[in-house]
>>> print(open('my_file07.cif').read())   # mmCIF, C-alpha atoms and all ligand atoms
data_coords
loop_
_atom_site.label_atom_id
_atom_site.label_comp_id
_atom_site.auth_asym_id
_atom_site.auth_seq_id
_atom_site.Cartn_x
_atom_site.Cartn_y
_atom_site.Cartn_z
CA MET X 1 -3.48 11.37 -10.45
CA LYS X 2 -6.68 10.07 -8.94
CA THR X 3 -6.76 7.22 -6.40
CA VAL X 4 -9.82 4.96 -6.28
CA GLN X 5 -10.24 2.34 -3.58
CA PHE X 6 -11.90 -1.04 -4.14
CA ARG X 7 -12.89 -3.26 -1.25
CA TYR X 8 -12.85 -7.03 -1.78
CA GLY X 9 -12.71 -10.26 0.18
CA LYS X 10 -13.21 -9.89 3.91
CA ASP X 11 -11.23 -6.72 4.44
CA ASN X 12 -8.80 -6.29 1.51
CA LEU X 13 -8.38 -2.90 -0.13
CA GLY X 14 -7.10 -2.54 -3.68
CA TYR X 15 -6.57 0.52 -5.86
CA LEU X 16 -6.69 2.09 -9.26
CA ILE X 17 -4.43 5.05 -9.84
CA HIS X 18 -5.37 6.96 -12.97
CA GLY X 19 -5.13 10.10 -15.02
CA GLN X 20 -7.40 11.13 -17.91
CA GLU X 21 -6.70 8.08 -20.08
CA TYR X 22 -4.45 5.57 -18.34
CA ALA X 23 -4.69 3.57 -15.12
CA MET X 24 -2.60 1.26 -12.98
CA ALA X 25 -4.13 -1.42 -10.73
CA VAL X 26 -2.44 -2.09 -7.40
CA ASP X 27 -3.64 -5.24 -5.60
CA GLY X 28 -6.59 -5.41 -7.99
CA GLY X 29 -8.56 -8.24 -6.41
CA ALA X 30 -11.90 -6.53 -7.08
CA VAL X 31 -11.71 -7.47 -10.76
CA GLY X 32 -15.39 -6.95 -11.70
CA GLU X 33 -15.62 -3.50 -10.10
CA ILE X 34 -12.29 -2.43 -11.57
CA ILE X 35 -13.35 -3.44 -15.10
CA HIS X 36 -16.62 -1.55 -14.68
CA TYR X 37 -14.82 1.53 -13.44
CA LEU X 38 -12.38 1.43 -16.35
CA ARG X 39 -15.24 1.15 -18.86
CA ASP X 40 -17.40 3.80 -17.21
CA ASN X 41 -14.51 6.24 -17.23
CA SER X 42 -13.05 5.30 -20.66
CA LEU X 43 -9.72 4.37 -19.09
CA LYS X 44 -7.09 2.02 -20.46
CA LEU X 45 -5.42 -0.22 -17.87
CA GLU X 46 -1.72 0.17 -18.58
CA PHE X 47 -0.18 -1.68 -15.61
CA VAL X 48 -1.12 -4.32 -13.08
CA THR X 49 1.06 -4.58 -10.00
CA ASN X 50 1.11 -5.29 -6.26
CA THR X 51 2.37 -4.01 -2.94
CA HIS X 52 3.73 -7.49 -2.13
CA SER X 53 3.32 -11.05 -3.28
CA HIS X 54 0.78 -12.38 -0.75
CA GLY X 55 -2.03 -14.24 -2.50
CA ASP X 56 -4.83 -12.04 -1.18
CA HIS X 57 -3.16 -9.09 -2.98
CA THR X 58 -2.18 -10.82 -6.22
CA CYS X 59 -5.40 -12.83 -6.70
CA GLY X 60 -6.83 -10.49 -9.39
CA ASN X 61 -3.68 -10.16 -11.50
CA ARG X 62 -4.24 -12.96 -13.98
CA GLU X 63 -7.86 -12.07 -14.72
CA LEU X 64 -7.18 -8.34 -15.03
CA LEU X 65 -4.27 -8.99 -17.39
CA GLY X 66 -6.35 -11.41 -19.44
CA ILE X 67 -9.26 -9.00 -19.86
CA THR X 68 -7.32 -5.78 -20.44
CA GLY X 69 -3.98 -6.77 -21.98
CA ALA X 70 -2.22 -4.53 -19.45
CA GLU X 71 1.48 -4.94 -18.73
CA PHE X 72 2.33 -6.88 -15.57
CA LEU X 73 4.88 -5.24 -13.31
CA ASP X 74 6.14 -8.01 -11.03
CA VAL X 75 6.61 -6.65 -7.52
CA GLY X 76 10.05 -8.30 -7.35
CA THR X 77 11.32 -6.17 -10.24
CA LEU X 78 10.00 -2.81 -9.02
CA PRO X 79 12.78 -1.76 -6.60
CA GLU X 80 15.25 -1.91 -9.49
CA LEU X 81 12.89 0.16 -11.64
CA GLY X 82 12.64 2.83 -8.91
CA SER X 83 9.54 4.46 -10.34
CA ILE X 84 6.70 3.93 -12.79
CA GLY X 85 5.63 6.50 -15.37
CA LEU X 86 1.88 6.81 -15.78
CA GLU X 87 0.45 9.46 -18.09
CA GLY X 88 3.34 11.83 -17.49
CA SER X 89 3.33 11.36 -13.68
CA GLU X 90 5.96 9.56 -11.68
CA ILE X 91 4.88 6.91 -9.18
CA LYS X 92 7.80 6.26 -6.87
CA VAL X 93 8.53 2.77 -5.61
CA ILE X 94 9.69 2.70 -1.98
CA PRO X 95 11.02 -0.72 -0.96
CA THR X 96 9.76 -1.43 2.57
CA PRO X 97 10.80 -4.98 3.49
CA GLY X 98 9.53 -6.36 6.79
CA HIS X 99 6.00 -7.70 6.37
CA THR X 100 7.43 -9.66 3.43
CA SER X 101 10.86 -9.27 1.85
CA ASP X 102 9.26 -7.89 -1.35
CA SER X 103 6.91 -5.42 0.37
CA LEU X 104 6.91 -1.92 -1.07
CA CYS X 105 4.92 1.29 -1.01
CA PHE X 106 3.93 3.55 -3.91
CA LEU X 107 4.26 7.32 -3.53
CA PHE X 108 2.87 9.96 -5.89
CA ASP X 109 1.51 13.47 -5.38
CA ASP X 110 0.71 13.43 -1.64
CA VAL X 111 -0.48 9.81 -1.65
CA LEU X 112 1.13 6.69 -0.18
CA LEU X 113 -0.20 3.21 -0.97
CA SER X 114 1.23 1.39 2.02
CA GLY X 115 0.10 -2.21 1.40
CA ASP X 116 0.54 -4.37 4.50
CA THR X 117 3.52 -2.33 5.74
CA LEU X 118 1.48 0.38 7.48
CA PHE X 119 -2.18 0.00 8.39
CA MET X 120 -4.44 2.49 10.08
CA GLY X 121 -3.52 2.16 13.75
CA LYS X 122 -0.83 -0.50 13.44
CA VAL X 123 2.07 -1.68 11.33
CA GLY X 124 1.89 -5.04 9.55
CA ARG X 125 3.08 -8.31 10.93
CA CYS X 126 6.78 -9.00 10.44
CA PHE X 127 6.54 -12.31 8.58
CA THR X 128 10.19 -12.10 7.47
CA GLY X 129 11.38 -12.06 11.09
CA ASP X 130 13.77 -9.29 10.03
CA ILE X 131 12.66 -6.64 12.49
CA HIS X 132 15.62 -4.38 11.72
CA SER X 133 14.67 -4.10 8.04
CA PHE X 134 11.09 -3.41 9.10
CA TYR X 135 12.33 -0.64 11.41
CA LEU X 136 14.26 0.99 8.53
CA SER X 137 11.16 0.67 6.32
CA ILE X 138 8.95 2.38 8.91
CA LYS X 139 11.59 5.12 9.34
CA LYS X 140 11.41 5.80 5.58
CA ILE X 141 7.64 6.26 5.85
CA LEU X 142 7.90 8.43 8.96
CA ALA X 143 10.22 10.78 7.06
CA LEU X 144 7.42 11.68 4.63
CA SER X 145 5.24 14.74 5.14
CA ASP X 146 2.50 14.53 7.80
CA GLU X 147 0.06 15.61 5.07
CA THR X 148 0.72 12.39 3.12
CA VAL X 149 -2.58 10.55 2.57
CA VAL X 150 -2.19 6.89 3.45
CA TYR X 151 -4.17 4.06 1.82
CA ALA X 152 -3.46 0.60 3.24
CA GLY X 153 -3.96 -2.96 2.04
CA HIS X 154 -6.66 -3.93 4.55
CA ASP X 155 -9.36 -2.33 6.64
CA TYR X 156 -8.51 -3.40 10.18
CA VAL X 157 -9.42 -0.01 11.63
CA LEU X 158 -11.88 -1.02 14.36
CA GLU X 159 -9.77 -3.94 15.61
CA TYR X 160 -6.49 -2.02 15.59
CA LEU X 161 -7.89 1.12 17.18
CA LYS X 162 -9.18 -1.08 20.00
CA THR X 163 -5.61 -2.32 20.52
CA ALA X 164 -4.28 1.24 20.26
CA LYS X 165 -6.70 2.35 22.99
CA GLU X 166 -5.73 -0.55 25.24
CA LEU X 167 -2.05 0.40 24.90
CA GLN X 168 -2.68 4.17 25.26
CA PRO X 169 -5.77 4.60 27.47
CA ALA X 170 -5.04 8.32 27.94
CA ASN X 171 -4.80 9.07 24.19
CA SER X 172 -7.76 11.34 23.46
CA PHE X 173 -7.10 11.42 19.70
CA ILE X 174 -8.29 7.83 19.30
CA SER X 175 -12.03 8.54 19.82
CA GLU X 176 -11.82 11.57 17.48
CA TYR X 177 -10.12 9.39 14.88
CA LEU X 178 -12.83 6.73 15.14
CA MET X 179 -15.55 9.31 14.51
CA GLU X 180 -13.95 9.96 11.10
CA TYR X 181 -13.82 6.25 10.18
CA ASN X 182 -15.70 5.48 6.96
CA PRO X 183 -15.67 1.83 5.81
CA ASP X 184 -16.58 3.00 2.27
CA LEU X 185 -13.33 4.95 1.99
CA VAL X 186 -10.59 3.87 4.35
CA LYS X 187 -7.77 6.37 4.42
CA SER X 188 -5.80 8.50 6.82
CA THR X 189 -2.87 10.88 6.90
CA LEU X 190 0.57 10.18 8.24
CA GLY X 191 0.07 13.02 10.74
CA ALA X 192 -3.14 11.41 12.06
CA GLU X 193 -1.44 8.01 12.28
CA LYS X 194 1.42 9.48 14.30
CA LYS X 195 -1.13 10.65 16.89
CA ILE X 196 -2.89 7.31 17.37
CA ASP X 197 -0.69 4.41 16.23
CA PRO X 198 1.45 3.13 19.15
CA PHE X 199 3.59 1.07 16.75
CA ILE X 200 4.96 4.17 15.02
CA SER X 201 5.01 6.31 18.19
CA PHE X 202 7.95 4.54 19.79
CA ASN X 203 9.64 7.85 20.64
CA GLU X 204 6.61 9.26 22.50
CA PRO X 205 6.90 9.43 26.33
CA GLU X 206 3.60 7.56 26.85
CA ILE X 207 4.83 4.63 24.74
CA ILE X 208 8.28 4.62 26.36
CA GLU X 209 6.61 4.49 29.78
CA LEU X 210 4.43 1.61 28.62
CA LEU X 211 7.49 -0.31 27.39
CA ILE X 212 9.36 0.32 30.65
CA SER X 213 6.33 -0.89 32.65
CA ARG X 214 6.45 -4.12 30.58
CA LYS X 215 10.20 -4.41 31.31
CA LEU X 216 11.08 -4.10 27.62
CA PRO X 217 14.29 -2.48 26.29
CA VAL X 218 14.01 1.23 25.41
CA ASP X 219 17.61 2.47 25.19
CA THR X 220 17.83 2.97 21.44
CA GLU X 221 15.15 3.86 18.91
CA PHE X 222 15.49 0.39 17.40
CA ASP X 223 15.08 -1.15 20.89
CA ARG X 224 11.85 0.81 21.29
CA PHE X 225 10.54 -0.24 17.89
CA SER X 226 11.31 -3.91 18.43
CA SER X 227 9.86 -3.69 21.96
CA ILE X 228 6.56 -2.22 20.78
CA MET X 229 6.47 -4.77 17.92
CA SER X 230 6.75 -7.57 20.49
CA LEU X 231 3.32 -6.46 21.75
CA ILE X 232 1.57 -7.18 18.43
FE FE Y 1 0.22 -9.41 3.37
#
>>> encode(input="my_file07.cif", output="structure tokens")
Amino acid sequence: MKTVQFRYGKDNLGYLIHGQEYAMAVDGGAVGEIIHYLRDNSLKLEFVTNTHSHGDHTCGNRELLGITGAEFLDVGTLPELGSIGLEGSEIKVIPTPGHTSDSLCFLFDDVLLSGDTLFMGKVGRCFTGDIHSFYLSIKKILALSDETVVYAGHDYVLEYLKTAKELQPANSFISEYLMEYNPDLVKSTLGAEKKIDPFISFNEPEIIELLISRKLPVDTEFDRFSSIMSLI
């Protein structure tokens, strides 16, 4: 399966996943570019879906469906489905509530579409207020291979790496990471994120020290996650 990224709006990132003949749009807000790509590559859009139901991710659904006649896969129904079959490949649905209650990630080959659950350099905001569910969601992602290629729902790289550097001034990986940043193709690996993202590094000594210096609880792993999340 091939993954193609489409930038739209201020900093949104949407995707087409496709094989030789069939494609699925995820957060397809860049309608014009997606239609062009489908035509240029003789692809049929089979499914339109989303990583969660926020309007900046679902804004292209209606138009894409109208133009292509694709099937709409409502994000609310996907956890029950468990996976989506596209041209003989299986795209797994990983429910990751926290940013919203319907947030999920898509996993196929070595690729994770992480929506607003995991960004480059930070995790998403916990709009549900359910920090424990968010913790379990992040744990599911952290259990994947470090080689997993991560594509997120927004490009906040420069802003979030600035925050990461403020929280971890001694982290030398951050400047290396920024040298690789390409606004035309925003992606990372889980292994790279573990080296620079303080919000998923809650078991690292440098982050634990930081939390202790801020007088935040660190006794359990969940304490550490909710403590680092309080610094967002
Ligand atoms: Fe969102």
>>> residues_around(input="my_file07.cif", residues="X:Thr128", least_positions_apart="6", cutoff="10 Å", atoms="all atoms listed in the file", output="list in words")
Pro97, Gly98, His99, Thr100, Ser101, Asp102 and Phe134 of chain X
>>> write_last_selection(input="my_file07.cif", atoms="C-alpha atoms", output="PDB file, keeping the file's coordinate frame")
ATOM      1  CA  PRO X  97      10.800  -4.980   3.490  1.00  0.00           C
ATOM      2  CA  GLY X  98       9.530  -6.360   6.790  1.00  0.00           C
ATOM      3  CA  HIS X  99       6.000  -7.700   6.370  1.00  0.00           C
ATOM      4  CA  THR X 100       7.430  -9.660   3.430  1.00  0.00           C
ATOM      5  CA  SER X 101      10.860  -9.270   1.850  1.00  0.00           C
ATOM      6  CA  ASP X 102       9.260  -7.890  -1.350  1.00  0.00           C
ATOM      7  CA  PHE X 134      11.090  -3.410   9.100  1.00  0.00           C
TER       8      PHE X 134
END
>>> residues_near_ligand(input="my_file07.cif", ligand="ligand FE 1 (chain Y)", cutoff="9 Å", atoms="only C-alpha atoms and all ligand atoms", output="MDAnalysis selection string")
chainID X and resid 51:57 99:100 103 115:117 124:125 127 153:154
>>> closest_atom_pairs(input="my_file07.cif", of="stretch 61-148 of chain X", to="stretch 37-48 of chain X", cutoff="10 Å", atoms="all atoms listed in the file", output="tab-separated table")
residue	atom	partner	partner_atom	distance
X:Asn61	CA	X:Val48	CA	6.6
X:Arg62	CA	X:Val48	CA	9.2
X:Leu64	CA	X:Val48	CA	7.5
X:Leu65	CA	X:Val48	CA	7.1
X:Ile67	CA	X:Leu45	CA	9.8
X:Thr68	CA	X:Leu45	CA	6.4
X:Gly69	CA	X:Leu45	CA	7.9
X:Ala70	CA	X:Glu46	CA	4.8
X:Glu71	CA	X:Phe47	CA	4.8
X:Phe72	CA	X:Val48	CA	5.0
X:Leu73	CA	X:Val48	CA	6.1
X:Asp74	CA	X:Val48	CA	8.4
X:Val75	CA	X:Val48	CA	9.8
X:Ile84	CA	X:Phe47	CA	9.3
X:Leu86	CA	X:Glu46	CA	8.1
X:Glu87	CA	X:Glu46	CA	9.6
>>> residues_around(input="my_file07.cif", residues="stretch 176-181 of chain X", least_positions_apart="3", cutoff="12 Å", atoms="only C-alpha atoms", output="compact mmCIF listing (two decimals) with C-alpha atoms, in the coordinates of the input")
# COMPACT_ATOMS: atom_id res chain seq x y z
CA MET X 120 -4.44 2.49 10.08
CA GLY X 121 -3.52 2.16 13.75
CA ASP X 155 -9.36 -2.33 6.64
CA TYR X 156 -8.51 -3.40 10.18
CA VAL X 157 -9.42 -0.01 11.63
CA LEU X 158 -11.88 -1.02 14.36
CA GLU X 159 -9.77 -3.94 15.61
CA TYR X 160 -6.49 -2.02 15.59
CA LEU X 161 -7.89 1.12 17.18
CA LYS X 162 -9.18 -1.08 20.00
CA ALA X 164 -4.28 1.24 20.26
CA LYS X 165 -6.70 2.35 22.99
CA ASN X 171 -4.80 9.07 24.19
CA SER X 172 -7.76 11.34 23.46
CA PHE X 173 -7.10 11.42 19.70
CA ASP X 184 -16.58 3.00 2.27
CA LEU X 185 -13.33 4.95 1.99
CA VAL X 186 -10.59 3.87 4.35
CA LYS X 187 -7.77 6.37 4.42
CA SER X 188 -5.80 8.50 6.82
CA THR X 189 -2.87 10.88 6.90
CA GLY X 191 0.07 13.02 10.74
CA ALA X 192 -3.14 11.41 12.06
CA GLU X 193 -1.44 8.01 12.28
CA LYS X 194 1.42 9.48 14.30
CA LYS X 195 -1.13 10.65 16.89
CA ILE X 196 -2.89 7.31 17.37
CA ASP X 197 -0.69 4.41 16.23
>>> closest_residue(input="my_file07.cif", among="X:Asp27, X:Asp11, X:Asp130, X:Asp110", to="X:Val150", atoms="all atoms listed in the file")
X:Asp110
>>> atom_distance(input="my_file07.cif", atom1="atom CA of X:Gln20", atom2="atom CA of X:Thr77")
26.6 Å
